[in-house]
Amino acid sequence: MTNPTRLFDCIEWQLEKFSKEDMFAAKENGAWRKYSTQEIKQNIDSLSIGLLAAGIGYHDGSIEGRDKIAVLSNNRPEWMILDMAVQQTGAVLTPIYPTINVNELEFILNDASVKMVFVSDQELYEKVESIRKKTPSVQGVYTFNAIENALNWKELLLPITEKDKLNLQVSKDSIKYNELCTILYTSGTTGFPKGVMLSHHNILDNINNVNEILVPICNYKDKALSFLPLNHIFERVVTYIYMFNGVSVYYAENLDTVGENLKEVKPTLFSTVPRLLEKVYEKIMMKGREQKGIKKALFFWALSLGNKFEVDKKQGIWYTAQLAIANKLVFSKWREALGGNVKAIVTGAAACQVRLLRIFTAAKIVIMEGYGLTETSPVISVNHYDSHNRRFGTVGTVIRNVEVKLAEDGEICCKGSNVMMGYYKRPDLTAECIDSEGWFHTGDIGVWFEERFLKITDRKKEIFKTSGGKYVAPQPIENKMKESPFIEQMMVVGAERKFTAAVIVPNFTVLKSWCNENGIPVNSNLEIINHPNVIAQYQSIVEKYNSLFNPVEQVKKFELVDHEWTINGGELTPTLKLKRKVIMEKQAEAIERIYATDI
């Protein structure tokens with residue numbers, strides 16, 4: 001076939017170039033069930049025909065006229081089958097995070113006038129049903145799992161007749177390169193979600209421009225494990241890159257089974273967010289501390305070598321020889337824990353700690369950190385697989401066909417085929433972030449490193465001014481202090497206040513182990529964080545890192561919190577970013593205690 005011009009063309013592309021027996025795979029009844037390229041195509045076409053028969057489709061071709069279909073589901077083959085089937089009908093898929101609260105769910109279903117909703121399980125089915133009376137546009141809710149008294153997605157899988165094939169082809173032919181493909185509602189850190197409209201052109205160009213960077217690690221012999229939510233454009237685009245290159249996609253059962261699934265699948269690559277990498281590292285460190293004698297000494301010797309690693313720099317014969325020994329004796333076990341075949345890990349959505357980048361890279365696990373937003377389809381820049389085009393602490397070089405400039409205040413502005421069509425039904429919000437010259441203003445602050453690597457320094461809206469008129473960027477402070485194994489999460493505060501302070505969530509696994517070693521009673525989390533020796537330990541940690549910052553940026557006082565911030569608790573976005581406004585409200589008493597007395 002000719003080069004694809006719509007996202008759904010990837011299925012024909014794969015069928016022609018490298019048809020596979022395991023295009024997708026998922027755990028069913030405890031065993032990996034493989035789906036061939038041919039079977040996936042059959043299901044996509046069959047579902048497309050079923051949707052068309054149900055009246056779903058392109059209609060007059062306008063953004064408002066085309067039907068909207070929502071999906072709330074874990075990652076699974078059915079998710080991608082639905083995505084491509086909806087595209088082929090000319091309707092528009094609107095993915096929604098399964099963790100969404102019912103108020104936001106109601107808003108999205110009504111804002112997009114969603115006709116059908118697809119959910120994975122009983123819990124999500126009940127969540128949608130609980131607001132059905134408030135969402136009049138919804139005509140049916142279909143489930144992927146078999147649920148009593150619920151419509152099942154398989155009811156829409158119709159036999160494919162010759163007449164159906166012709167009708168489906170007419171539908172596919174009507175869909176053009178520059179037309180709307182999907183609407184993704186960004187949760188954001190404040191307010192109601194905004195519907196980001198992305199065209200086939202936006203996403204396909206981004207895929208093509210990123211693909212040339214991933215070619216060394218992405219071919220038909222490779223396997224990938226998928227566990228980041230497909231509802232986010234990052235994992236969805238990565239999945240299409242896999243499909244265009246013939247990479248087999250295996251879906252993890254859930255986040256708790258990722259470790260086990262990595263060992264079973266033995267993938268060559270996967271995408272993740274820094275927080276999950278941090279958790280992997282924390283588990284490795286816990287095991288290292290539990291070892292005795294020579295094994296423990298070797299572990300920490302290897303770790304010290306990893307902490308000195310530099311990318312794209314010669315570090316001498318002696319260091320190289322030692323690192324080779326460390327890789328054989330220690331780091332090989334790290335690679336085995338990830339399945340033993342990982343060439344690279346792609347990460348985004350938040351800044352990755354430089355120490356993790358150093359250590360994992362030293363362990364022959366390349367981490368390709370990138371940057372982008374839903375509004376940019378999503379990739380703006382990425383660190384390459386080859387070391388010459390990779391730098392720790394940066395988000396890499398700008399990809400082909402994308403322009404980046406830094407505004408006077410350092411804000412990163414982006415122009416290119418990856419920039420969204422606009423916000424759905426909100427031309428006012430679109431005009432606020434895309435200027436008259438077509439530059440999309442990201443809201444992130446950045447600088448150039450070595451003149452070609454982009455480095456993110458903070459989020460524009462998160463920079464605050466103290467009452468003394470000094471500006472403070474919280475993210476660099478938080479990211480640096482979270483390098484301590486004792487700190488799980490942290491939020492720096494101080495807007496219009498006399499000094500900079502912080503609310504800290506301890507890593508209770510590490511903290512409780514330390515308490516046991518120091519004879520401190522380990523009872524409730526609340527009792528632990530109020531123990532004077534624990535507070536003194538955190539004071540010493542904060543003081544250690546404070547020395548790396550200017551006086552105005554130093555954390556003068558802090559409060560410890562007895563529970564982790566979570567998506568379900570409302571403190572984190574689905575991509576694990578802090579919802580600062582929510583945390584400020586929930587920790588209002590703690591913050592007031594901080595500022596009740598002067599330093």
# chains A, B, ... in the order shown; residues from 1 in each chain; ligands from 1
>>> closest_atom_pairs(of="range 278-364 of chain A", to="range 484-498 of chain A", cutoff="12 Å", atoms="only C-alpha atoms", output="CSV")
residue,atom,partner,partner_atom,distance
A:Glu278,CA,A:Glu488,CA,9.4
A:Lys279,CA,A:Glu488,CA,9.5
A:Tyr281,CA,A:Pro485,CA,9.8
A:Glu282,CA,A:Pro485,CA,7.4
A:Lys283,CA,A:Pro485,CA,10.8
A:Ile284,CA,A:Pro485,CA,11.7
A:Met285,CA,A:Pro485,CA,9.0
A:Met286,CA,A:Pro485,CA,9.9
A:Gln353,CA,A:Ser484,CA,10.8
A:Arg355,CA,A:Ser484,CA,10.7
A:Leu356,CA,A:Ser484,CA,11.9
>>> write_last_selection(atoms="C-alpha atoms", output="compact mmCIF listing (two decimals), in the first residue's frame")
# COMPACT_ATOMS: atom_id res chain seq x y z
CA GLU A 278 11.64 5.35 40.93
CA LYS A 279 9.60 2.52 42.46
CA TYR A 281 14.82 1.56 41.84
CA GLU A 282 13.50 1.67 45.41
CA LYS A 283 12.77 -2.08 45.31
CA ILE A 284 16.27 -2.77 44.01
CA MET A 285 17.75 -0.62 46.79
CA MET A 286 15.72 -2.41 49.45
CA GLN A 353 15.86 12.06 38.33
CA ARG A 355 20.79 9.82 39.31
CA LEU A 356 18.35 7.20 37.96
>>> residues_around(residues="range 99-112 of chain A", least_positions_apart="5", cutoff="7 Å", atoms="only C-alpha atoms", output="list in words")
Lys68, Lys127, Ile131, Thr135, Phe192 and Asn568 of chain A
>>> atom_distance(atom1="CA of Val210 in chain A", atom2="CA of Gly396 in chain A")
12.1 Å
>>> atom_distance(atom1="CA of Glu16 in chain A", atom2="CA of Gln87 in chain A")
19.9 Å
>>> closest_residue(among="A:Leu329, A:Ile213, A:Ala473, A:Cys433", to="Arg400 in chain A", atoms="only C-alpha atoms")
A:Ile213
>>> closest_residue(among="A:Lys134, A:His59, A:Arg452, A:Lys415", to="Val398 in chain A", atoms="only C-alpha atoms")
A:Arg452
>>> select_by_dssp(residues="range 219-306 of chain A", states="alpha helix (DSSP H)", output="MDAnalysis selection string")
chainID A and resid 233:245 258:265 274:290 293:306
>>> closest_residue(among="A:Gln169, A:Ile325, A:Tyr424, A:Thr268", to="Glu64 in chain A", atoms="only C-alpha atoms")
A:Tyr424
>>> residues_around(residues="Ser226 in chain A", least_positions_apart="6", cutoff="12 Å", atoms="only C-alpha atoms", output="PyMOL selection string")
chain A and resi 24-26+74-77+80+234-240+242+247-255+257-258+261-262+265+267-272+345-346
>>> atom_distance(atom1="CA of Lys165 in chain A", atom2="CA of Ala91 in chain A")
17.6 Å
>>> closest_residue(among="A:Trp448, A:Tyr595, A:Tyr35, A:Trp565", to="Val505 in chain A", atoms="only C-alpha atoms")
A:Trp565
>>> closest_residue(among="A:Pro476, A:Pro521, A:Gly570, A:Gly370", to="Asn546 in chain A", atoms="only C-alpha atoms")
A:Pro476
>>> residues_around(residues="Arg580 in chain A", least_positions_apart="6", cutoff="12 Å", atoms="only C-alpha atoms", output="MDAnalysis selection string")
chainID A and resid 188:191 459 461:463 474:475 490:493 495 502:503 565 570:573 586:588
>>> write_last_selection(atoms="N, CA and C atoms", output="mmCIF file, in the first residue's frame")
data_model
loop_
_atom_site.group_PDB
_atom_site.id
_atom_site.type_symbol
_atom_site.label_atom_id
_atom_site.label_comp_id
_atom_site.auth_asym_id
_atom_site.auth_seq_id
_atom_site.Cartn_x
_atom_site.Cartn_y
_atom_site.Cartn_z
ATOM 1 N N GLY A 188 -5.703 18.109 33.490
ATOM 2 C CA GLY A 188 -5.153 19.359 33.995
ATOM 3 C C GLY A 188 -4.961 19.303 35.498
ATOM 4 N N THR A 189 -4.440 20.361 36.059
ATOM 5 C CA THR A 189 -4.231 20.413 37.511
ATOM 6 C C THR A 189 -5.277 21.284 38.200
ATOM 7 N N THR A 190 -6.098 21.983 37.416
ATOM 8 C CA THR A 190 -7.189 22.778 37.988
ATOM 9 C C THR A 190 -8.359 22.787 37.015
ATOM 10 N N GLY A 191 -9.556 23.031 37.544
ATOM 11 C CA GLY A 191 -10.737 23.246 36.701
ATOM 12 C C GLY A 191 -11.210 22.023 35.945
ATOM 13 N N ARG A 459 7.407 24.733 35.514
ATOM 14 C CA ARG A 459 6.103 25.010 34.928
ATOM 15 C C ARG A 459 5.790 26.473 35.219
ATOM 16 N N LYS A 461 3.178 28.355 35.427
ATOM 17 C CA LYS A 461 2.132 28.697 36.395
ATOM 18 C C LYS A 461 2.496 28.279 37.813
ATOM 19 N N GLU A 462 3.511 27.405 37.941
ATOM 20 C CA GLU A 462 3.862 26.913 39.267
ATOM 21 C C GLU A 462 4.932 27.762 39.943
ATOM 22 N N ILE A 463 5.605 28.604 39.161
ATOM 23 C CA ILE A 463 6.592 29.512 39.754
ATOM 24 C C ILE A 463 5.841 30.538 40.605
ATOM 25 N N PRO A 474 9.416 25.733 42.061
ATOM 26 C CA PRO A 474 9.348 24.589 42.985
ATOM 27 C C PRO A 474 9.875 23.262 42.439
ATOM 28 N N GLN A 475 9.704 23.015 41.139
ATOM 29 C CA GLN A 475 10.039 21.690 40.616
ATOM 30 C C GLN A 475 11.499 21.284 40.799
ATOM 31 N N MET A 490 6.689 15.327 47.486
ATOM 32 C CA MET A 490 6.994 16.609 48.124
ATOM 33 C C MET A 490 6.355 17.736 47.333
ATOM 34 N N MET A 491 5.842 18.735 48.028
ATOM 35 C CA MET A 491 5.348 19.937 47.359
ATOM 36 C C MET A 491 5.895 21.163 48.074
ATOM 37 N N VAL A 492 6.595 21.982 47.312
ATOM 38 C CA VAL A 492 7.160 23.227 47.840
ATOM 39 C C VAL A 492 6.090 24.305 47.820
ATOM 40 N N VAL A 493 5.982 25.070 48.906
ATOM 41 C CA VAL A 493 4.995 26.151 49.007
ATOM 42 C C VAL A 493 5.705 27.447 49.395
ATOM 43 N N ALA A 495 4.006 30.875 48.155
ATOM 44 C CA ALA A 495 3.466 32.007 47.408
ATOM 45 C C ALA A 495 2.933 33.066 48.365
ATOM 46 N N ALA A 502 7.793 23.388 52.712
ATOM 47 C CA ALA A 502 7.394 22.195 51.963
ATOM 48 C C ALA A 502 6.503 21.282 52.797
ATOM 49 N N VAL A 503 5.658 20.558 52.079
ATOM 50 C CA VAL A 503 4.893 19.454 52.661
ATOM 51 C C VAL A 503 5.519 18.178 52.091
ATOM 52 N N TRP A 565 -0.012 10.685 48.414
ATOM 53 C CA TRP A 565 -0.936 11.344 47.496
ATOM 54 C C TRP A 565 -1.184 10.424 46.298
ATOM 55 N N GLY A 570 -7.305 12.235 44.529
ATOM 56 C CA GLY A 570 -7.508 13.534 43.879
ATOM 57 C C GLY A 570 -6.302 14.439 43.887
ATOM 58 N N GLU A 571 -5.186 13.974 44.525
ATOM 59 C CA GLU A 571 -4.012 14.838 44.618
ATOM 60 C C GLU A 571 -3.105 14.755 43.391
ATOM 61 N N LEU A 572 -3.256 13.693 42.581
ATOM 62 C CA LEU A 572 -2.420 13.504 41.402
ATOM 63 C C LEU A 572 -3.268 13.431 40.139
ATOM 64 N N THR A 573 -2.703 13.914 39.037
ATOM 65 C CA THR A 573 -3.342 13.720 37.736
ATOM 66 C C THR A 573 -3.090 12.276 37.308
ATOM 67 N N LYS A 586 -6.147 20.459 50.802
ATOM 68 C CA LYS A 586 -6.176 19.334 51.741
ATOM 69 C C LYS A 586 -5.162 19.484 52.869
ATOM 70 N N GLN A 587 -4.060 20.166 52.581
ATOM 71 C CA GLN A 587 -3.003 20.343 53.585
ATOM 72 C C GLN A 587 -3.000 21.755 54.167
ATOM 73 N N ALA A 588 -4.154 22.414 54.088
ATOM 74 C CA ALA A 588 -4.250 23.809 54.531
ATOM 75 C C ALA A 588 -3.819 23.972 55.992
#
>>> residues_around(residues="Ala302 in chain A", least_positions_apart="6", cutoff="8 Å", atoms="only C-alpha atoms", output="compact mmCIF listing (two decimals) with C-alpha atoms, in the first residue's frame")
# COMPACT_ATOMS: atom_id res chain seq x y z
CA LEU A 323 31.97 -1.03 35.14
CA ALA A 326 29.85 -4.47 37.88
CA ASN A 327 27.61 -5.18 34.91
CA VAL A 330 25.47 -6.89 39.80
CA PHE A 331 23.69 -4.97 37.04
